[in-house]
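Working notes, structure below.
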Amino acid sequence: MSDAEYDILFRELQDLEVAHPGLRTPDSPTHRVGAEPATALAKHEHRFPMLSLGNAFSDEELTAWEDRIARLVPEVRTAGYQLELKIDGAAVNLTYDDGLLTIGATRGNGAVGEVITANVRTIPDIPLRLRGSGWPPFMEIRGEAYLPLDTFARLNEARAKQDEPPFANPRNAAAGSLRQLDPKVTHRRRLRFFAFQIATDDPLPISTQHEALDLLARWGFSTTPSHELVASLDEARTVIETIHATMDDLNFGADGIVIKVDPFDLQDRLGVVGGREPRWAIARKFAPEVAVTRLQAIRINVGRTGALNPWAELEPVEVGGVTVSRATLHNFELIAARDIREGDMVEVTRAGEVIPQVLGPVVDQRPRGLRRFVPPTTCPACGTPVEHLDNEVMIYCPNVACSGRTLEALIHFASRSAMDIRTLGERRVRQLRDAGLVSDVADIYDLTVDDLLPLEGFGDKAATQMIEAIAASKRQPLSRLLFALGIRHVGAIGARLLAERFSTMDALMAADRDTIAAVEGVGPIIAQAVATFFAEPRNRALLERLREQGLRFDEPAPAAVRRRPLEGQRFVLTGTLPTLTRPEATRMIEDAGGTVTSSVSSKTEAVVAGENPGSKLARAERIGVPVIDEAELLRRLGRAT
């Protein structure tokens, strides 16, 4: 139909929905544009992690990748590979319930992103209701939002006419467009979307990635052009060369080809490396854009775990459409191996990464008299002698109270996965530190309502809520505290293994390295880091302060959690429970063998509803999932009084 006919019908639909709001369905075309601007972007926990890809920058690296995975699963050499363009855009996660788009979210850190539902609804390639049939009751669709190159050029022309600064490149413009608080702005940017993955616990009528792309297309998604199934890696190389030769003709940015093992069963057998990268896929990146500029200084940042991270302060230079003034140098061994010196002319690339990196010096342009860089022997922030273990390339400051690592340590300590101090996010941590109220994690527990009231944004209610959240965190078990302390190499799983084995902080502090290393799943590297942490007098002093402030230094005995009445069951929490906080309820369910998820599906055992429940309650009632209250949850846990 003509645009005029469409506009008349669209206006008629808008008028009907204004007059009868109850008739507005989730897949209505009016959702494409018109939602009210958001005041902030809420967080969304992905049901399935969004993984990153490893890179291969040469045919040799590609061969090495196949050799590695073939040692684990020999069948991959003949099972076929799916080739897909690697779009230079912004990763998006779409949640579909019974074929309806319910949540759009950014990738975030891979586990938790930001809700951008109103914005993704403005993208025409994203169906509000899936076409056809055969979709599972709950699934997440992954893909890449991008800005077409001709659209990008028109946007910059328009911005120039309005005396606005131009966008640096399509990728950043796409990412920024997705995070707009007003979806009308996103709509005007004319983003597009390619889908490439289906994530679900439910069975699908397909068994390969090639079939997944066909299925996505039948459901109404756009998939990348030039995707092709090949029989072997040699055939993949030939096809990649052909695609590479035509990439300049594309109307969107692409910086390589993704190679995926095609059968899903082989993907499952290959698994994931370090919880971050799938073994079964790799990105064949093409030669990155490289610029040459002067390395003005080598600076050092002290991270949360005390790692000393060198970075380059550069004379500003444009790389891939972005002005770069700083870049990573990775570690001191790399600086030495490549003989990178302050004052050098250096090659800088983005290599498809967000953070630019220094490749190495242009030796024939080196000014005379430049000295080799010498790594520090003491922490540049606190002066503590640094540590350099024989089996590691990184150098560390062992002082947990180091001023250079305080900010990151405080943010991590209060985070949801650590001590879970609600209301104490990054902005508040910076505010407290800048006000001189906290310098280490123990200072958090010295705070009072009177300390907070003079600060901007703190009224009686906000101040009281924060102090109550801080007090509640004292009940966290030893495993949470160990993780929160930021001990090098000790993640959440390692912390739990140590807490379950030693039961108390005192027992762990008294253990030697060999005893710690004997814990199944720990090993010598973690053991050395833990022993070193407890050997530092300042760390022990910090722990004594935490003990005096009433934090829990023990882990529930295994006998207390051996009974797992909720083994394998999924629960969703909504609303405010009468006595339990959401973290407490989550932990009780998990300790009993259950899982807490963010979305209601046919596999949900029950929705635990409290006061002021959200849309999850309506969803549960609509699809027939049982709804229970806190008392029933406690009864199922065997804790009813």
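Ligands are numbered from 1 in the order shown, chains are lettered A, B, ... in the order of the structure tokens, and residues start at 1 in each chain.
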Tell me, which residues of region 80-192 of chain A carry DSSP strand (DSSP E or B), written as a compact mmCIF listing (two decimals) with C-alpha atoms, in the first residue's frame?
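part.txt, written as the output of this step:
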# COMPACT_ATOMS: atom_id res chain seq x y z
CA TYR A 81 31.39 -25.03 9.50
CA GLN A 82 28.86 -22.23 9.27
CA LEU A 83 30.37 -18.93 8.09
CA GLU A 84 28.70 -15.63 9.05
CA LEU A 85 29.75 -12.02 8.64
CA LYS A 86 30.93 -10.44 11.89
CA ILE A 87 28.86 -7.27 12.06
CA ALA A 90 26.08 -3.49 19.14
CA ALA A 91 25.05 -6.85 20.61
CA VAL A 92 21.39 -7.14 21.58
CA ASN A 93 19.48 -9.80 23.52
CA LEU A 94 15.74 -10.21 22.79
CA THR A 95 13.40 -12.15 25.08
CA TYR A 96 10.35 -13.76 23.50
CA ASP A 97 7.50 -15.24 25.54
CA LEU A 100 5.89 -12.03 21.74
CA LEU A 101 8.81 -9.67 22.26
CA THR A 102 8.82 -8.83 25.98
CA ILE A 103 12.34 -7.58 26.76
CA GLY A 104 15.18 -6.07 24.75
CA ALA A 105 18.53 -5.67 26.49
CA THR A 106 22.12 -4.71 25.79
CA VAL A 112 23.57 -8.55 33.07
CA GLY A 113 22.64 -5.88 30.53
CA GLU A 114 20.41 -2.82 30.40
CA VAL A 115 16.75 -2.86 29.41
CA ARG A 129 5.34 -11.06 17.23
CA PHE A 138 10.57 -18.91 26.22
CA MET A 139 13.74 -18.04 24.36
CA GLU A 140 16.37 -15.36 23.91
CA ILE A 141 17.36 -14.25 20.42
CA ARG A 142 20.85 -12.79 20.04
CA GLY A 143 21.95 -10.52 17.27
CA GLU A 144 23.65 -7.29 16.29
CA ALA A 145 22.04 -3.89 15.90
CA TYR A 146 23.84 -1.72 13.38
CA ARG A 192 18.75 -2.29 11.59
**Request:** Mind checking which residues fall within 10 Å of Val363 (chain A), counting only C-alpha atoms, ignoring those fewer than 5 positions away in the same chain, and posting them as a list in words?
**Result:**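 Everything that qualifies: Asp339, Ile340, Asp344, Met345 and Val346 of chain A.
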**Message:** Which residues are close to region 312-315 of chain A, i.e. within 12 Å by only C-alpha atoms, leaving aside same-chain residues fewer than 2 positions away? Reply as a ChimeraX atom specification.
**Reply:** /A:291-301,309-310,317-318,323-332,335,340-348,355-360
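Around region 237-245 of chain A, within 8 Å and counting only C-alpha atoms, the residues found are A:Asp59, A:Ser226, A:Leu233, A:Gly256, A:Ile257, once anything fewer than 4 positions away on its own chain is removed.
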**Request:** Record the distance separating CA of Phe252 (chain A) and CA of Thr151 (chain A), expressed in Å with one decimal.
**Result:**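 Separation of CA of Phe252 (chain A) and CA of Thr151 (chain A): 9.6 Å.
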